[in-house]
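Asker: For reference, the structure I am asking about is given below.
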Amino acid sequence: MPIPANPPKLLDQVQAVLRMKHYSIRTERVYLDWIKRYILFHHKTHPAQMGAPEVEAFLSHLAVAGKVAASTQNQAKSALLFLYREVLALELPWLDNVTQAKTPQRLPVVLTVSEVKSVLNRLDGTLWLMASLLYGGGLRLMECVRLRVKDVDFEMRQVTVREGKGFKDRVTMLPESSIAPLQAHLARVRALHDEDVAEGYGAVYLPYALEKKYPNAAKEWGWQYVFPSRSLSVDPRSGVTRRHHVDEKSLQRAVKRAAQQASIAKPVTPHTFRHSFATHLLQSGYDIRTVQELLGHKDVQTTMIYTHVLNRGGKGVQSPLDML
């Protein structure tokens, strides 16, 4: 396919399309990195001049030489499919025939109730509150980090998750034991927000074109993050100085450290609380459809994976050793 004379830089085109389609900044960075690596792998050949053999060669290189996980290989494939379909506007039949790496089906790591309590007891302050919401409401890490004040309903005892996985909204419960600590936390956040406004800041990032449609909304209390960062920072896209949400890595490190202190050998991450939330609800006798709705799963088969712990070890079969 001929390349127009003096075209804009390809990566700039990719970035523009990603932002037009409202992809997150994380996805933007990841896709740009994979596309750049793909081009460099083929000695800076323009992607429009390449096709299925080049894509397959790159993905095979990742698996064989890079020894990347199947999920990483599929992430690279998604970036290249976005490049060809959305940026270069090439609807080629080979796009759907590029081999998809098979991701191994692994059972989720689940903590017992006592293990959850042991980890939470080793966290304090905001980190404890965030971990409590992960376990108490089944939130994903970034859903918790990006939570806005307006989406916490104390009277209804519920949390509304906006644009979760798959760009879907859902409602989950707000644990009774988290209400008082969360209200006290929000009082401190409100005072911090008032200070920011007094100093000429106080605006927060708004999705899509809401900032243009509602010019004053960015400084409204309801739009502020429940868990804001301790310091102001410059938005990499707009260049505006704002107070963003807290860095999720702080909770990741704290949870890992707490699990080690509790002598838990399982690989514990913040997402483990979500797995434990679902499993413990099923153990308590709640309907799997209810759990599916709280988790925001599209297919009940995804939720079914948590039923593995409802039986005894070895799928409920008694070991012959215990019959002696």
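As shown in the structure tokens, the chain order sets the letters A, B, ...; within each chain, residues go from 1, and ligands are also counted from 1 in the order they appear.
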Do you have, as JSON lines, the list of residues of stretch 96-196 of chain A lying at most 6 Å from stretch 268-286 of chain A, each with its nearest atom pair and that distance in Å to one decimal, counting only C-alpha atoms and ordered by chain then number?
Answerer:
```
{"residue": "A:Val110", "atom": "CA", "partner": "A:Ser276", "partner_atom": "CA", "distance": 5.0}
{"residue": "A:Leu111", "atom": "CA", "partner": "A:Ser276", "partner_atom": "CA", "distance": 5.7}
{"residue": "A:Leu134", "atom": "CA", "partner": "A:Phe273", "partner_atom": "CA", "distance": 5.8}
{"residue": "A:Tyr135", "atom": "CA", "partner": "A:Phe273", "partner_atom": "CA", "distance": 4.6}
{"residue": "A:Gly138", "atom": "CA", "partner": "A:Arg274", "partner_atom": "CA", "distance": 4.5}
```
Asker: Let me see the file: selected residues, all heavy atoms, as an mmCIF file, in the first residue's frame.
Answerer:
```cif
data_model
loop_
_atom_site.group_PDB
_atom_site.id
_atom_site.type_symbol
_atom_site.label_atom_id
_atom_site.label_comp_id
_atom_site.auth_asym_id
_atom_site.auth_seq_id
_atom_site.Cartn_x
_atom_site.Cartn_y
_atom_site.Cartn_z
ATOM 1 N N VAL A 110 -7.257 -17.594 46.803
ATOM 2 C CA VAL A 110 -8.306 -17.177 47.733
ATOM 3 C C VAL A 110 -7.790 -17.310 49.161
ATOM 4 O O VAL A 110 -7.196 -18.325 49.533
ATOM 5 C CB VAL A 110 -9.579 -18.029 47.549
ATOM 6 C CG1 VAL A 110 -10.628 -17.671 48.608
ATOM 7 C CG2 VAL A 110 -10.152 -17.842 46.162
ATOM 8 N N LEU A 111 -8.039 -16.285 49.953
ATOM 9 C CA LEU A 111 -7.669 -16.319 51.364
ATOM 10 C C LEU A 111 -8.833 -16.830 52.190
ATOM 11 O O LEU A 111 -9.999 -16.648 51.822
ATOM 12 C CB LEU A 111 -7.287 -14.914 51.846
ATOM 13 C CG LEU A 111 -6.111 -14.228 51.149
ATOM 14 C CD1 LEU A 111 -5.938 -12.815 51.706
ATOM 15 C CD2 LEU A 111 -4.833 -15.022 51.319
ATOM 16 N N LEU A 134 -11.979 -3.228 48.937
ATOM 17 C CA LEU A 134 -11.701 -4.279 47.956
ATOM 18 C C LEU A 134 -12.344 -5.589 48.387
ATOM 19 O O LEU A 134 -12.979 -6.281 47.588
ATOM 20 C CB LEU A 134 -10.190 -4.483 47.784
ATOM 21 C CG LEU A 134 -9.368 -3.334 47.190
ATOM 22 C CD1 LEU A 134 -7.924 -3.760 47.033
ATOM 23 C CD2 LEU A 134 -9.926 -2.887 45.858
ATOM 24 N N TYR A 135 -12.184 -5.917 49.668
ATOM 25 C CA TYR A 135 -12.732 -7.172 50.180
ATOM 26 C C TYR A 135 -14.226 -7.046 50.464
ATOM 27 O O TYR A 135 -15.010 -7.947 50.162
ATOM 28 C CB TYR A 135 -11.997 -7.589 51.456
ATOM 29 C CG TYR A 135 -12.587 -8.818 52.116
ATOM 30 C CD1 TYR A 135 -12.595 -10.052 51.453
ATOM 31 C CD2 TYR A 135 -13.154 -8.748 53.387
ATOM 32 C CE1 TYR A 135 -13.142 -11.176 52.045
ATOM 33 C CE2 TYR A 135 -13.696 -9.873 53.987
ATOM 34 C CZ TYR A 135 -13.702 -11.078 53.314
ATOM 35 O OH TYR A 135 -14.256 -12.190 53.904
ATOM 36 N N GLY A 138 -15.869 -6.196 46.779
ATOM 37 C CA GLY A 138 -15.431 -6.914 45.582
ATOM 38 C C GLY A 138 -14.903 -6.007 44.493
ATOM 39 O O GLY A 138 -14.971 -6.324 43.301
#
```
Asker: What residues in stretch 177-317 of chain A get the DSSP label strand (DSSP E or B)? Please answer as a list in words.
Answerer: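 Secondary structure check on stretch 177-317 of chain A, strand (DSSP E or B): Tyr225, Pro228, Ser233, Val234, Thr241, Arg242 and His245 of chain A.
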Asker: Put those residues in a file: N, CA and C atoms, as a PDB file, in the first residue's frame.
Answerer:
```pdb
ATOM      1  N   TYR A 225     -11.792  12.719  43.816  1.00  0.00           N
ATOM      2  CA  TYR A 225     -11.445  11.324  44.101  1.00  0.00           C
ATOM      3  C   TYR A 225     -11.587  11.042  45.594  1.00  0.00           C
ATOM      4  N   PRO A 228      -7.435  10.676  47.043  1.00  0.00           N
ATOM      5  CA  PRO A 228      -6.564  11.552  46.259  1.00  0.00           C
ATOM      6  C   PRO A 228      -5.089  11.368  46.611  1.00  0.00           C
ATOM      7  N   SER A 233       0.080  17.186  40.815  1.00  0.00           N
ATOM      8  CA  SER A 233       0.933  16.722  39.721  1.00  0.00           C
ATOM      9  C   SER A 233       0.413  17.292  38.405  1.00  0.00           C
ATOM     10  N   VAL A 234       1.254  17.236  37.387  1.00  0.00           N
ATOM     11  CA  VAL A 234       0.900  17.771  36.072  1.00  0.00           C
ATOM     12  C   VAL A 234       0.294  16.660  35.226  1.00  0.00           C
ATOM     13  N   THR A 241      -2.086  21.349  36.139  1.00  0.00           N
ATOM     14  CA  THR A 241      -1.690  20.880  37.471  1.00  0.00           C
ATOM     15  C   THR A 241      -2.945  20.523  38.260  1.00  0.00           C
ATOM     16  N   ARG A 242      -3.034  19.276  38.678  1.00  0.00           N
ATOM     17  CA  ARG A 242      -4.212  18.776  39.400  1.00  0.00           C
ATOM     18  C   ARG A 242      -3.773  17.859  40.534  1.00  0.00           C
ATOM     19  N   HIS A 245      -5.634  10.840  41.576  1.00  0.00           N
ATOM     20  CA  HIS A 245      -5.900   9.831  42.605  1.00  0.00           C
ATOM     21  C   HIS A 245      -4.594   9.230  43.110  1.00  0.00           C
TER      22      HIS A 245
END
```
Asker: Please indicate the distance in Å from atom CA of A:Ser250 to atom CA of A:Val113, rounded to one decimal place.
Answerer: 23.5 Å
Asker: Residues at most 10 Å from A:Trp128, counting only C-alpha atoms, excluding those fewer than 5 positions away in the same chain, as a list of chain:residue names?
Answerer: A:Val119, A:Leu120, A:Asn121, A:Arg122, A:Leu123, A:Leu133, A:Leu134, A:Ser178, A:Pro181, A:Leu251, A:Ala254, A:Val255
Asker: Limited to C-alpha atoms, could you put the picked residues into a file as a PDB file, in the first residue's frame?
Answerer:
```pdb
ATOM      1  CA  VAL A 119      -3.775  -9.112  56.474  1.00  0.00           C
ATOM      2  CA  LEU A 120      -6.221  -6.280  57.200  1.00  0.00           C
ATOM      3  CA  ASN A 121      -5.042  -6.099  60.811  1.00  0.00           C
ATOM      4  CA  ARG A 122      -1.560  -5.283  59.530  1.00  0.00           C
ATOM      5  CA  LEU A 123      -2.767  -2.316  57.477  1.00  0.00           C
ATOM      6  CA  LEU A 133     -13.434  -1.810  50.273  1.00  0.00           C
ATOM      7  CA  LEU A 134     -11.701  -4.279  47.956  1.00  0.00           C
ATOM      8  CA  SER A 178     -16.422   0.843  56.595  1.00  0.00           C
ATOM      9  CA  PRO A 181     -14.005   5.313  58.848  1.00  0.00           C
ATOM     10  CA  LEU A 251      -1.527  -0.406  48.218  1.00  0.00           C
ATOM     11  CA  ALA A 254       1.431  -2.597  51.537  1.00  0.00           C
ATOM     12  CA  VAL A 255      -0.700  -5.694  50.920  1.00  0.00           C
TER      13      VAL A 255
END
```
Asker: Skipping near chain neighbours, those fewer than 5 positions away, what residues fall within 9 Å of A:Leu295 using only C-alpha atoms, listed as a JSON list (two decimals) with N, CA and C atoms, in the first residue's frame?
Answerer:
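The result, written out as result-v7.json:
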```json
[["chain", "number", "residue", "atom", "x", "y", "z"],
["A", 137, "GLY", "N", -16.49, -5.01, 49.15],
["A", 137, "GLY", "CA", -17.37, -4.74, 48.02],
["A", 137, "GLY", "C", -16.97, -5.44, 46.74],
["A", 138, "GLY", "N", -15.87, -6.20, 46.78],
["A", 138, "GLY", "CA", -15.43, -6.91, 45.58],
["A", 138, "GLY", "C", -14.90, -6.01, 44.49],
["A", 139, "LEU", "N", -14.34, -4.86, 44.88],
["A", 139, "LEU", "CA", -13.82, -3.91, 43.89],
["A", 139, "LEU", "C", -12.49, -4.38, 43.32],
["A", 140, "ARG", "N", -12.26, -4.04, 42.08],
["A", 140, "ARG", "CA", -10.92, -4.19, 41.51],
["A", 140, "ARG", "C", -10.06, -3.04, 42.03],
["A", 170, "ARG", "N", -21.75, -0.66, 37.48],
["A", 170, "ARG", "CA", -22.44, -1.63, 38.33],
["A", 170, "ARG", "C", -22.54, -1.06, 39.74],
["A", 171, "VAL", "N", -23.36, -1.69, 40.55],
["A", 171, "VAL", "CA", -23.53, -1.28, 41.94],
["A", 171, "VAL", "C", -23.13, -2.43, 42.83],
["A", 172, "THR", "N", -22.35, -2.13, 43.86],
["A", 172, "THR", "CA", -21.99, -3.14, 44.85],
["A", 172, "THR", "C", -22.23, -2.57, 46.24],
["A", 274, "ARG", "N", -10.67, -9.45, 46.05],
["A", 274, "ARG", "CA", -11.86, -9.61, 45.21],
["A", 274, "ARG", "C", -12.21, -11.09, 45.05],
["A", 278, "ALA", "N", -15.79, -12.94, 46.52],
["A", 278, "ALA", "CA", -16.72, -13.79, 45.78],
["A", 278, "ALA", "C", -16.85, -15.17, 46.41],
["A", 290, "THR", "N", -26.37, -13.47, 42.03],
["A", 290, "THR", "CA", -26.17, -12.25, 42.82],
["A", 290, "THR", "C", -24.69, -11.88, 42.87],
["A", 303, "THR", "N", -17.95, -16.41, 36.86],
["A", 303, "THR", "CA", -18.16, -16.47, 38.31],
["A", 303, "THR", "C", -18.05, -17.90, 38.82]]
```
Asker: Where does DSSP see helix (DSSP H, G or I) in stretch 96-310 of chain A, if you list the residues as a ChimeraX atom specification?
Answerer: /A:96-97,113-120,125-137,141-145,149-151,176-198,210-213,217-219,221-223,248-261,270-283,288-295,300-309
Asker: One decimal, Å: what's the distance from atom CA of A:Lys21 over to atom CA of A:Glu163, could you say?
Answerer: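 Pair atom CA of A:Lys21 / atom CA of A:Glu163 returns 14.0 Å.
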Asker: Pick from A:Val300, A:Leu10, A:Ala262, A:Ile305: nearest to A:Gln105, with only C-alpha atoms counted?
Answerer: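 Counting only C-alpha atoms, the residue closest to A:Gln105 is A:Ile305.
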Asker: For a quick check of understanding, using only C-alpha atoms, which of A:Lys266, A:Gly164, A:Ala187, A:Trp223 has the smallest distance to A:Ser24?
Answerer: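 Once distances to A:Ser24 are computed over only C-alpha atoms, the minimum belongs to A:Gly164.
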Asker: Find, counting only C-alpha atoms, the residue in A:Phe58, A:Tyr31, A:Phe41, A:Phe167 that gets nearest to A:Lys298.
Answerer: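 Among the listed residues, A:Phe167 lies closest to A:Lys298.
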Asker: Quick check, in Å to one decimal: how far apart do atom CA of A:Ala76 and atom CA of A:Pro47 lie?
Answerer: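 Going from atom CA of A:Ala76 over to atom CA of A:Pro47, I get 14.3 Å.
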Asker: Which residue gives the smallest distance to A:Gln13 among A:Ser118, A:Glu143, A:Phe82, A:His297, with only C-alpha atoms counted?
Answerer: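 Result for the nearest residue to A:Gln13: A:Phe82.
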Asker: So which residues touch A:Gln15 within 9 Å, counting only C-alpha atoms, skipping near sequence neighbours fewer than 2 positions away, as a list of chain:residue names?
Answerer: A:Leu10, A:Leu11, A:Asp12, A:Gln13, A:Val17, A:Leu18, A:Arg19, A:Met20, A:Glu28, A:Arg29, A:Tyr31, A:Leu32
